[in-house]
Amino acid sequence: MIKNISNLGDAALYCDFGNDVNREINLNVIQFFKNIKKSNIPGITNITPSYNKLIISFDLSITSFDKIKTEVEQLNFKNEIVNVGNLINIPVCCDNNFALDIKRLEKLLNLDKEEIYKKFFSKKYYCYMTGFIAGMPFLGDLDGSLHARRLDTPRVKVPKNSIGLTEQFCNIYTFESPGGWNIIGKTPLDIFDNKNNTSPNLINPGDTISFFQISKSEFEKKYD
Amino acid sequence: MTENYFEVLRPGINSTFQDNGRKNFYHIGIPFSGAMDNRNFVIANAISNNKKNSPVIEFALQGPKLRYKGDKVYFNVTGDVNFQILRKNKIEEGVCYQNLVLENNDCLDLISTNRSVYGYLSINASFKIDFYLDSCSVNTKAEIGANNGKILQKNQIIKIENITKKYSSNKLDYMVSKIENIRVIKGPHFDYFSETAKELFFKEKFRITKLTDRMGIRLDGPKIENIKYTNIKSEGLVKGTIQITADGDPIVMLSDHGTIGGYPKIGVVISADYDKLVQIPPGSKIKFKEINLKDAETIYKLYEMETRNLISKIK
């Protein structure tokens with residue numbers, strides 16, 4: 001549970017759940033996030049869950065740090081942790097044109113690409129948080145043999161919908177963006193749909209992701 | 001019925017539709033956005049007699065040049081802006097903070113901001129634009145908001161509707177005050193930095209570099225030495241957060257910032273100083289001043305009072 005609540009500037013609460021990164025702590029954060037969202041405390045403008053922190057922004061013209069802190073502390077949550085996320089299947093094409101860093105990973109991990117993909121596709125991944133850029137999911141944890149450091153020099157442009165790995169995490173680049181993760185494939189699905197005006201995100205914090213491999217021709221079919 | 005519209009002859013550097021921004025989407029990676037300088041945004045709409053949260057065109061440094069077609073329309077420009085209205089036979093120098101008129105074929109040339117960054121164009125009418133997640137605010141990274149999430153483009157048309165026929169000679173005598181000191185509350189990772197670094201942070205001046213936009217300000221000055229971890233596990237950010245990069249340079253998160261980040265937070269700019277910070281142009285120097293939460297809250301009340309005061313002086 002929350003170890004400490006402090007202020008982040010004059011218009012946000014910084015709720016600290018410790019320094020470890022694991023599913024249990026993160027489920028605590030997400031549970032807390034969902035409960036605060038439900039409680040409709042006046043003045044709260046944004047709640048941002050991450051691995052082990054929760055930041056609650058508020059409108060300083062309506063409320064203040066002391067008020068929101070008291071209200072948050074008084075909320076009486078049931079302490080049970082339930083994973084309320086959805087299971088989402090994501091197709092990935094690992095054609096050489098998309099798997100930009102597979103050669104680097106083969107060397108770095110001392111595995112051939114068949115082994116890398118076998119290990120990658122045989123696990124389900126948990127979504128710790130979404131953000132940085134709109135809709136980008138931070139997923140984990142990768143098999144221990146797949147942990148690789150970031151590129152020494154980040155790419156200026158990672159293609160949209162690329163799947164990247166770094167340390168124990170993987171993610172999906174929802175937009176073309178600079179980035180240093182090791183790219184192993186690409187999905188034809190739009191993870192963030194900027195035409196959808198109600199729920200543009202396909203993946204939300206707490207969801208479980210199952211990747212499955214598709215061929216280049218299947219990828220192209222889905223793109224039409 | 002005639003169609004009323006602006007034709008964009010020159011788009012300017014970074015001209016976007018903005019309103020108050022969008023709430024409650026940080027958790028899916030969408031920041032507030034909205035007008036950078038909130039006070040000038042609020043005043044622009046007050047002079048126009050518009051609703052408080054009406055869309056405006058925000059421009060940075062160099063603004064757009066627009067040709068107007070249609071029925072007479074009133075508009076005003078806020079900020080510290082050098083602009084002209086090119087009419088049939090004459091060039092009229094623009095005056096900020098007052099309602100002016102545009103007639104068919106007039107050109108509005110928002111030449112540049114003076115020793116500041118952002119200016120605002122509000123019309124006594126409404127722009128015919130799209131809203132996304134309850135806001136027109138353009139976020140070019142997520143490609144959302146009015147104008148398909150893009151900055152103004154050369155030769156595009158901006159349609160205008162609901163023109164207010166009645167002229168009000170609204171005017172405000174106001175000059176944006178310039179400041180150099182930006183007040184900051186210590187952040188959760190303040191103790192990640194060496195004693196010398198902490199002292200330098202509040203003593204030395206930092207230069208605002210050209211790597212500055214609606215997402216953030218990159219500062220240049222003495223290196224801030226981290227004695228703990230230069231990377232933290234990524235966590236949420238708020239606007240005004242000052243992170244120290246692995247190289248020891250401060251970056252300040254602004255309205256279109258990435259919603260999470262992995263650099264330690266040394267401090268957060270107080271809400272009352274945000275409008276002034278974003279208006280300081282690249283090349284200028286700023287100094288951070290430490291302040292506590294209680295004082296920051298009091299200063300914010302004064303800031304709000306001052307805004308209300310200014311609006312009450314419009315006549």
# chains A, B, ... in the order shown; residues from 1 in each chain; ligands from 1

$ closest_atom_pairs --of "chain A" --to "chain B" --cutoff "9 Å" --atoms "only C-alpha atoms" --output "CSV"
residue,atom,partner,partner_atom,distance
A:Ser6,CA,B:Pro188,CA,7.9
A:Asn7,CA,B:Pro188,CA,8.1
A:Leu8,CA,B:Gly187,CA,6.2
A:Gly9,CA,B:Val268,CA,4.8
A:Asp10,CA,B:Leu293,CA,6.0
A:Ala11,CA,B:Ser271,CA,7.3
A:Ala12,CA,B:Val238,CA,7.6
A:Tyr14,CA,B:Pro188,CA,8.1
A:Asn19,CA,B:Lys233,CA,8.0
A:Asp20,CA,B:Lys233,CA,9.0
A:Val21,CA,B:Lys233,CA,8.1
A:Ile44,CA,B:Asn24,CA,8.5
A:Thr45,CA,B:Lys23,CA,5.5
A:Asn46,CA,B:Asn24,CA,4.5
A:Ile47,CA,B:His27,CA,6.3
A:Thr48,CA,B:His27,CA,4.8
A:Pro49,CA,B:His27,CA,6.4
A:Ser50,CA,B:Glu235,CA,5.2
A:Tyr51,CA,B:Glu235,CA,7.0
A:Asn52,CA,B:Glu235,CA,7.8
A:Lys53,CA,B:Glu235,CA,6.3
A:Leu54,CA,B:Gly236,CA,7.2
A:Ile55,CA,B:Gly236,CA,6.0
A:Ser57,CA,B:Val238,CA,7.4
A:Leu60,CA,B:Tyr300,CA,7.9
A:Ser61,CA,B:Lys301,CA,7.7
A:Ser64,CA,B:Glu297,CA,7.9
A:Phe65,CA,B:Leu293,CA,8.7
A:Met129,CA,B:His27,CA,7.5
A:Thr130,CA,B:Ile28,CA,5.2
A:Gly131,CA,B:Gly29,CA,3.5
A:Phe132,CA,B:Gly258,CA,4.4
A:Ile133,CA,B:Gly29,CA,5.4
A:Ala134,CA,B:Gly29,CA,4.0
A:Gly135,CA,B:Ile28,CA,5.2
A:Met136,CA,B:Gly29,CA,7.0
A:Pro137,CA,B:Ile28,CA,8.6
A:Thr174,CA,B:Ala142,CA,8.9
A:Phe175,CA,B:Ala142,CA,7.4
A:Ser177,CA,B:Lys141,CA,8.7
A:Phe192,CA,B:Ala142,CA,8.9
A:Asn194,CA,B:Ile144,CA,6.2
A:Lys195,CA,B:Ile144,CA,8.2
A:Asn196,CA,B:Tyr132,CA,8.6
A:Asn197,CA,B:Leu133,CA,5.7
A:Thr198,CA,B:Leu133,CA,6.9
A:Pro200,CA,B:Ile28,CA,8.7
A:Asn201,CA,B:Ile28,CA,6.9
A:Ile203,CA,B:Ile28,CA,8.7
A:Asn204,CA,B:Ile28,CA,7.1
A:Pro205,CA,B:His27,CA,8.1

$ select_by_dssp --residues "region 95-260 of chain B" --states "strand (DSSP E or B)" --output "ChimeraX atom specification"
/B:98,100-102,107-113,118-123,126-127,132,135,139,144,157-161,171,181-186,193,205-212,216-220,226,235-236,241-244,250-253,260

$ closest_residue --among "A:Ile36, A:Ile62, A:Val29, A:Ile116" --to "Arg104 (chain A)" --atoms "only C-alpha atoms"
A:Ile116

$ select_by_dssp --residues "region 38-286 of chain B" --states "alpha helix (DSSP H)" --output "PyMOL selection string"
chain B and resi 38-47+146-149+195-203+274-278

$ write_last_selection --atoms "N, CA and C atoms" --output "PDB file, in the first residue's frame"
ATOM      1  N   ASN B  38      -2.111  30.966 -19.832  1.00  0.00           N
ATOM      2  CA  ASN B  38      -3.529  30.909 -19.532  1.00  0.00           C
ATOM      3  C   ASN B  38      -4.145  32.292 -19.335  1.00  0.00           C
ATOM      4  N   ARG B  39      -3.418  33.193 -18.704  1.00  0.00           N
ATOM      5  CA  ARG B  39      -3.999  34.510 -18.434  1.00  0.00           C
ATOM      6  C   ARG B  39      -4.304  35.249 -19.737  1.00  0.00           C
ATOM      7  N   ASN B  40      -3.386  35.243 -20.680  1.00  0.00           N
ATOM      8  CA  ASN B  40      -3.640  35.925 -21.949  1.00  0.00           C
ATOM      9  C   ASN B  40      -4.752  35.253 -22.749  1.00  0.00           C
ATOM     10  N   PHE B  41      -4.906  33.952 -22.575  1.00  0.00           N
ATOM     11  CA  PHE B  41      -6.004  33.210 -23.220  1.00  0.00           C
ATOM     12  C   PHE B  41      -7.349  33.656 -22.635  1.00  0.00           C
ATOM     13  N   VAL B  42      -7.414  33.730 -21.304  1.00  0.00           N
ATOM     14  CA  VAL B  42      -8.650  34.122 -20.623  1.00  0.00           C
ATOM     15  C   VAL B  42      -9.024  35.564 -20.979  1.00  0.00           C
ATOM     16  N   ILE B  43      -8.025  36.441 -20.998  1.00  0.00           N
ATOM     17  CA  ILE B  43      -8.281  37.849 -21.306  1.00  0.00           C
ATOM     18  C   ILE B  43      -8.772  38.007 -22.751  1.00  0.00           C
ATOM     19  N   ALA B  44      -8.162  37.262 -23.677  1.00  0.00           N
ATOM     20  CA  ALA B  44      -8.576  37.348 -25.091  1.00  0.00           C
ATOM     21  C   ALA B  44     -10.065  37.041 -25.231  1.00  0.00           C
ATOM     22  N   ASN B  45     -10.522  35.970 -24.580  1.00  0.00           N
ATOM     23  CA  ASN B  45     -11.940  35.617 -24.659  1.00  0.00           C
ATOM     24  C   ASN B  45     -12.829  36.625 -23.939  1.00  0.00           C
ATOM     25  N   ALA B  46     -12.306  37.216 -22.849  1.00  0.00           N
ATOM     26  CA  ALA B  46     -13.098  38.220 -22.119  1.00  0.00           C
ATOM     27  C   ALA B  46     -13.290  39.462 -22.988  1.00  0.00           C
ATOM     28  N   ILE B  47     -12.246  39.884 -23.694  1.00  0.00           N
ATOM     29  CA  ILE B  47     -12.369  41.063 -24.567  1.00  0.00           C
ATOM     30  C   ILE B  47     -13.358  40.771 -25.701  1.00  0.00           C
ATOM     31  N   ALA B 146      -8.235  19.998 -33.012  1.00  0.00           N
ATOM     32  CA  ALA B 146      -8.706  20.649 -34.230  1.00  0.00           C
ATOM     33  C   ALA B 146      -7.673  20.499 -35.343  1.00  0.00           C
ATOM     34  N   ASN B 147      -8.098  20.771 -36.582  1.00  0.00           N
ATOM     35  CA  ASN B 147      -7.172  20.794 -37.723  1.00  0.00           C
ATOM     36  C   ASN B 147      -6.409  19.464 -37.869  1.00  0.00           C
ATOM     37  N   ASN B 148      -7.092  18.345 -37.561  1.00  0.00           N
ATOM     38  CA  ASN B 148      -6.476  17.003 -37.607  1.00  0.00           C
ATOM     39  C   ASN B 148      -5.206  16.904 -36.772  1.00  0.00           C
ATOM     40  N   GLY B 149      -5.161  17.669 -35.696  1.00  0.00           N
ATOM     41  CA  GLY B 149      -4.008  17.602 -34.798  1.00  0.00           C
ATOM     42  C   GLY B 149      -2.749  18.219 -35.376  1.00  0.00           C
ATOM     43  N   GLU B 195      25.359  18.525  -2.522  1.00  0.00           N
ATOM     44  CA  GLU B 195      25.150  19.802  -1.815  1.00  0.00           C
ATOM     45  C   GLU B 195      25.494  20.973  -2.724  1.00  0.00           C
ATOM     46  N   THR B 196      26.618  20.851  -3.438  1.00  0.00           N
ATOM     47  CA  THR B 196      27.040  21.916  -4.347  1.00  0.00           C
ATOM     48  C   THR B 196      25.984  22.116  -5.431  1.00  0.00           C
ATOM     49  N   ALA B 197      25.484  20.995  -5.989  1.00  0.00           N
ATOM     50  CA  ALA B 197      24.498  21.078  -7.067  1.00  0.00           C
ATOM     51  C   ALA B 197      23.228  21.776  -6.598  1.00  0.00           C
ATOM     52  N   LYS B 198      22.774  21.422  -5.378  1.00  0.00           N
ATOM     53  CA  LYS B 198      21.558  22.035  -4.838  1.00  0.00           C
ATOM     54  C   LYS B 198      21.733  23.540  -4.701  1.00  0.00           C
ATOM     55  N   GLU B 199      22.946  23.932  -4.250  1.00  0.00           N
ATOM     56  CA  GLU B 199      23.219  25.355  -4.074  1.00  0.00           C
ATOM     57  C   GLU B 199      23.262  26.062  -5.431  1.00  0.00           C
ATOM     58  N   LEU B 200      23.958  25.436  -6.401  1.00  0.00           N
ATOM     59  CA  LEU B 200      24.050  26.023  -7.743  1.00  0.00           C
ATOM     60  C   LEU B 200      22.671  26.209  -8.370  1.00  0.00           C
ATOM     61  N   PHE B 201      21.808  25.225  -8.132  1.00  0.00           N
ATOM     62  CA  PHE B 201      20.483  25.241  -8.760  1.00  0.00           C
ATOM     63  C   PHE B 201      19.701  26.507  -8.397  1.00  0.00           C
ATOM     64  N   PHE B 202      19.844  26.949  -7.142  1.00  0.00           N
ATOM     65  CA  PHE B 202      19.105  28.139  -6.713  1.00  0.00           C
ATOM     66  C   PHE B 202      19.937  29.421  -6.744  1.00  0.00           C
ATOM     67  N   LYS B 203      21.199  29.309  -7.151  1.00  0.00           N
ATOM     68  CA  LYS B 203      22.061  30.488  -7.107  1.00  0.00           C
ATOM     69  C   LYS B 203      22.410  30.993  -8.502  1.00  0.00           C
ATOM     70  N   TYR B 274       3.799  29.958 -13.975  1.00  0.00           N
ATOM     71  CA  TYR B 274       3.858  29.182 -15.215  1.00  0.00           C
ATOM     72  C   TYR B 274       3.679  30.068 -16.457  1.00  0.00           C
ATOM     73  N   ASP B 275       2.637  30.942 -16.435  1.00  0.00           N
ATOM     74  CA  ASP B 275       2.376  31.825 -17.598  1.00  0.00           C
ATOM     75  C   ASP B 275       3.599  32.662 -17.937  1.00  0.00           C
ATOM     76  N   LYS B 276       4.261  33.133 -16.892  1.00  0.00           N
ATOM     77  CA  LYS B 276       5.415  34.005 -17.116  1.00  0.00           C
ATOM     78  C   LYS B 276       6.609  33.212 -17.638  1.00  0.00           C
ATOM     79  N   LEU B 277       6.800  32.015 -17.104  1.00  0.00           N
ATOM     80  CA  LEU B 277       7.916  31.171 -17.565  1.00  0.00           C
ATOM     81  C   LEU B 277       7.820  30.877 -19.061  1.00  0.00           C
ATOM     82  N   VAL B 278       6.621  30.474 -19.521  1.00  0.00           N
ATOM     83  CA  VAL B 278       6.500  30.062 -20.928  1.00  0.00           C
ATOM     84  C   VAL B 278       6.703  31.235 -21.883  1.00  0.00           C
TER      85      VAL B 278
END

$ residues_around --residues "region 95-106 of chain B" --least-positions-apart "6" --cutoff "8 Å" --atoms "only C-alpha atoms" --output "number ranges by chain"
B: 44, 47-48, 67-81, 83, 85-88, 168-174

$ residues_around --residues "Cys94 (chain A)" --least-positions-apart "6" --cutoff "8 Å" --atoms "only C-alpha atoms" --output "NGL selection string"
:A and (184-186 or 213-216)

$ residues_around --residues "Gly206 (chain A)" --least-positions-apart "3" --cutoff "8 Å" --atoms "only C-alpha atoms" --output "list in words"
Leu27, Ile30, Asn83, Val84, Gly85, Asn86, Tyr126, Cys127, Tyr128 and Met129 of chain A

$ atom_distance --atom1 "CA of Glu71 (chain A)" --atom2 "CA of Glu24 (chain A)"
24.6 Å

$ closest_residue --among "A:Phe211, A:Trp181, A:Phe33, A:Tyr173" --to "Cys15 (chain A)" --atoms "only C-alpha atoms"
A:Phe33

$ closest_residue --among "A:Ile102, A:Ile56, A:Cys170, A:Glu114" --to "Lys34 (chain A)" --atoms "only C-alpha atoms"
A:Ile56

$ decode --residues "region 176-212 of chain B" --atoms "N, CA and C atoms" --output "PDB file, in the first residue's frame"
ATOM      1  N   VAL B 176       2.275  42.886 -20.157  1.00  0.00           N
ATOM      2  CA  VAL B 176       2.764  41.695 -19.469  1.00  0.00           C
ATOM      3  C   VAL B 176       4.076  42.045 -18.774  1.00  0.00           C
ATOM      4  N   SER B 177       4.150  41.756 -17.484  1.00  0.00           N
ATOM      5  CA  SER B 177       5.382  42.086 -16.774  1.00  0.00           C
ATOM      6  C   SER B 177       6.427  41.014 -17.027  1.00  0.00           C
ATOM      7  N   LYS B 178       7.662  41.449 -17.141  1.00  0.00           N
ATOM      8  CA  LYS B 178       8.746  40.502 -17.419  1.00  0.00           C
ATOM      9  C   LYS B 178       9.379  40.095 -16.090  1.00  0.00           C
ATOM     10  N   ILE B 179       9.669  38.828 -15.943  1.00  0.00           N
ATOM     11  CA  ILE B 179      10.358  38.394 -14.736  1.00  0.00           C
ATOM     12  C   ILE B 179      11.551  37.528 -15.088  1.00  0.00           C
ATOM     13  N   GLU B 180      12.427  37.423 -14.141  1.00  0.00           N
ATOM     14  CA  GLU B 180      13.614  36.625 -14.326  1.00  0.00           C
ATOM     15  C   GLU B 180      13.624  35.502 -13.290  1.00  0.00           C
ATOM     16  N   ASN B 181      13.035  35.770 -12.118  1.00  0.00           N
ATOM     17  CA  ASN B 181      13.001  34.767 -11.063  1.00  0.00           C
ATOM     18  C   ASN B 181      11.776  33.867 -11.208  1.00  0.00           C
ATOM     19  N   ILE B 182      12.023  32.562 -11.260  1.00  0.00           N
ATOM     20  CA  ILE B 182      10.936  31.591 -11.344  1.00  0.00           C
ATOM     21  C   ILE B 182      10.922  30.827 -10.021  1.00  0.00           C
ATOM     22  N   ARG B 183       9.757  30.857  -9.361  1.00  0.00           N
ATOM     23  CA  ARG B 183       9.687  30.226  -8.035  1.00  0.00           C
ATOM     24  C   ARG B 183       9.382  28.731  -8.145  1.00  0.00           C
ATOM     25  N   VAL B 184      10.081  27.965  -7.323  1.00  0.00           N
ATOM     26  CA  VAL B 184      10.083  26.501  -7.460  1.00  0.00           C
ATOM     27  C   VAL B 184       9.907  25.832  -6.092  1.00  0.00           C
ATOM     28  N   ILE B 185       9.091  24.787  -6.064  1.00  0.00           N
ATOM     29  CA  ILE B 185       8.968  23.948  -4.863  1.00  0.00           C
ATOM     30  C   ILE B 185       9.868  22.728  -5.065  1.00  0.00           C
ATOM     31  N   LYS B 186      10.605  22.352  -4.040  1.00  0.00           N
ATOM     32  CA  LYS B 186      11.517  21.203  -4.153  1.00  0.00           C
ATOM     33  C   LYS B 186      10.760  19.940  -4.559  1.00  0.00           C
ATOM     34  N   GLY B 187      11.380  19.133  -5.404  1.00  0.00           N
ATOM     35  CA  GLY B 187      10.746  17.912  -5.900  1.00  0.00           C
ATOM     36  C   GLY B 187      11.095  16.691  -5.074  1.00  0.00           C
ATOM     37  N   PRO B 188      10.448  15.533  -5.387  1.00  0.00           N
ATOM     38  CA  PRO B 188      10.657  14.321  -4.579  1.00  0.00           C
ATOM     39  C   PRO B 188      12.085  13.760  -4.640  1.00  0.00           C
ATOM     40  N   HIS B 189      12.872  14.151  -5.652  1.00  0.00           N
ATOM     41  CA  HIS B 189      14.235  13.620  -5.740  1.00  0.00           C
ATOM     42  C   HIS B 189      15.293  14.669  -5.453  1.00  0.00           C
ATOM     43  N   PHE B 190      14.917  15.708  -4.723  1.00  0.00           N
ATOM     44  CA  PHE B 190      15.851  16.809  -4.448  1.00  0.00           C
ATOM     45  C   PHE B 190      17.147  16.300  -3.821  1.00  0.00           C
ATOM     46  N   ASP B 191      17.022  15.262  -3.005  1.00  0.00           N
ATOM     47  CA  ASP B 191      18.215  14.762  -2.305  1.00  0.00           C
ATOM     48  C   ASP B 191      19.077  13.817  -3.136  1.00  0.00           C
ATOM     49  N   TYR B 192      18.719  13.635  -4.412  1.00  0.00           N
ATOM     50  CA  TYR B 192      19.571  12.857  -5.309  1.00  0.00           C
ATOM     51  C   TYR B 192      20.790  13.663  -5.743  1.00  0.00           C
ATOM     52  N   PHE B 193      20.791  14.966  -5.415  1.00  0.00           N
ATOM     53  CA  PHE B 193      21.826  15.850  -5.955  1.00  0.00           C
ATOM     54  C   PHE B 193      22.800  16.290  -4.865  1.00  0.00           C
ATOM     55  N   SER B 194      24.040  16.558  -5.281  1.00  0.00           N
ATOM     56  CA  SER B 194      25.087  16.908  -4.317  1.00  0.00           C
ATOM     57  C   SER B 194      24.778  18.268  -3.682  1.00  0.00           C
ATOM     58  N   GLU B 195      25.359  18.525  -2.522  1.00  0.00           N
ATOM     59  CA  GLU B 195      25.150  19.802  -1.815  1.00  0.00           C
ATOM     60  C   GLU B 195      25.494  20.973  -2.724  1.00  0.00           C
ATOM     61  N   THR B 196      26.618  20.851  -3.438  1.00  0.00           N
ATOM     62  CA  THR B 196      27.040  21.916  -4.347  1.00  0.00           C
ATOM     63  C   THR B 196      25.984  22.116  -5.431  1.00  0.00           C
ATOM     64  N   ALA B 197      25.484  20.995  -5.989  1.00  0.00           N
ATOM     65  CA  ALA B 197      24.498  21.078  -7.067  1.00  0.00           C
ATOM     66  C   ALA B 197      23.228  21.776  -6.598  1.00  0.00           C
ATOM     67  N   LYS B 198      22.774  21.422  -5.378  1.00  0.00           N
ATOM     68  CA  LYS B 198      21.558  22.035  -4.838  1.00  0.00           C
ATOM     69  C   LYS B 198      21.733  23.540  -4.701  1.00  0.00           C
ATOM     70  N   GLU B 199      22.946  23.932  -4.250  1.00  0.00           N
ATOM     71  CA  GLU B 199      23.219  25.355  -4.074  1.00  0.00           C
ATOM     72  C   GLU B 199      23.262  26.062  -5.431  1.00  0.00           C
ATOM     73  N   LEU B 200      23.958  25.436  -6.401  1.00  0.00           N
ATOM     74  CA  LEU B 200      24.050  26.023  -7.743  1.00  0.00           C
ATOM     75  C   LEU B 200      22.671  26.209  -8.370  1.00  0.00           C
ATOM     76  N   PHE B 201      21.808  25.225  -8.132  1.00  0.00           N
ATOM     77  CA  PHE B 201      20.483  25.241  -8.760  1.00  0.00           C
ATOM     78  C   PHE B 201      19.701  26.507  -8.397  1.00  0.00           C
ATOM     79  N   PHE B 202      19.844  26.949  -7.142  1.00  0.00           N
ATOM     80  CA  PHE B 202      19.105  28.139  -6.713  1.00  0.00           C
ATOM     81  C   PHE B 202      19.937  29.421  -6.744  1.00  0.00           C
ATOM     82  N   LYS B 203      21.199  29.309  -7.151  1.00  0.00           N
ATOM     83  CA  LYS B 203      22.061  30.488  -7.107  1.00  0.00           C
ATOM     84  C   LYS B 203      22.410  30.993  -8.502  1.00  0.00           C
ATOM     85  N   GLU B 204      22.664  30.057  -9.405  1.00  0.00           N
ATOM     86  CA  GLU B 204      23.152  30.441 -10.734  1.00  0.00           C
ATOM     87  C   GLU B 204      21.999  30.689 -11.704  1.00  0.00           C
ATOM     88  N   LYS B 205      22.347  31.344 -12.809  1.00  0.00           N
ATOM     89  CA  LYS B 205      21.350  31.572 -13.855  1.00  0.00           C
ATOM     90  C   LYS B 205      21.416  30.459 -14.891  1.00  0.00           C
ATOM     91  N   PHE B 206      20.274  30.138 -15.476  1.00  0.00           N
ATOM     92  CA  PHE B 206      20.198  29.146 -16.557  1.00  0.00           C
ATOM     93  C   PHE B 206      19.641  29.819 -17.806  1.00  0.00           C
ATOM     94  N   ARG B 207      20.236  29.447 -18.939  1.00  0.00           N
ATOM     95  CA  ARG B 207      19.802  30.037 -20.208  1.00  0.00           C
ATOM     96  C   ARG B 207      18.757  29.131 -20.865  1.00  0.00           C
ATOM     97  N   ILE B 208      17.682  29.741 -21.360  1.00  0.00           N
ATOM     98  CA  ILE B 208      16.668  28.990 -22.106  1.00  0.00           C
ATOM     99  C   ILE B 208      17.211  28.756 -23.509  1.00  0.00           C
ATOM    100  N   THR B 209      17.379  27.477 -23.888  1.00  0.00           N
ATOM    101  CA  THR B 209      17.990  27.183 -25.184  1.00  0.00           C
ATOM    102  C   THR B 209      16.926  27.163 -26.283  1.00  0.00           C
ATOM    103  N   LYS B 210      17.393  27.001 -27.511  1.00  0.00           N
ATOM    104  CA  LYS B 210      16.459  26.949 -28.651  1.00  0.00           C
ATOM    105  C   LYS B 210      15.675  25.642 -28.661  1.00  0.00           C
ATOM    106  N   LEU B 211      16.147  24.633 -27.905  1.00  0.00           N
ATOM    107  CA  LEU B 211      15.424  23.358 -27.849  1.00  0.00           C
ATOM    108  C   LEU B 211      14.237  23.511 -26.893  1.00  0.00           C
ATOM    109  N   THR B 212      13.331  24.382 -27.271  1.00  0.00           N
ATOM    110  CA  THR B 212      12.215  24.739 -26.414  1.00  0.00           C
ATOM    111  C   THR B 212      10.965  24.818 -27.266  1.00  0.00           C
TER     112      THR B 212
END
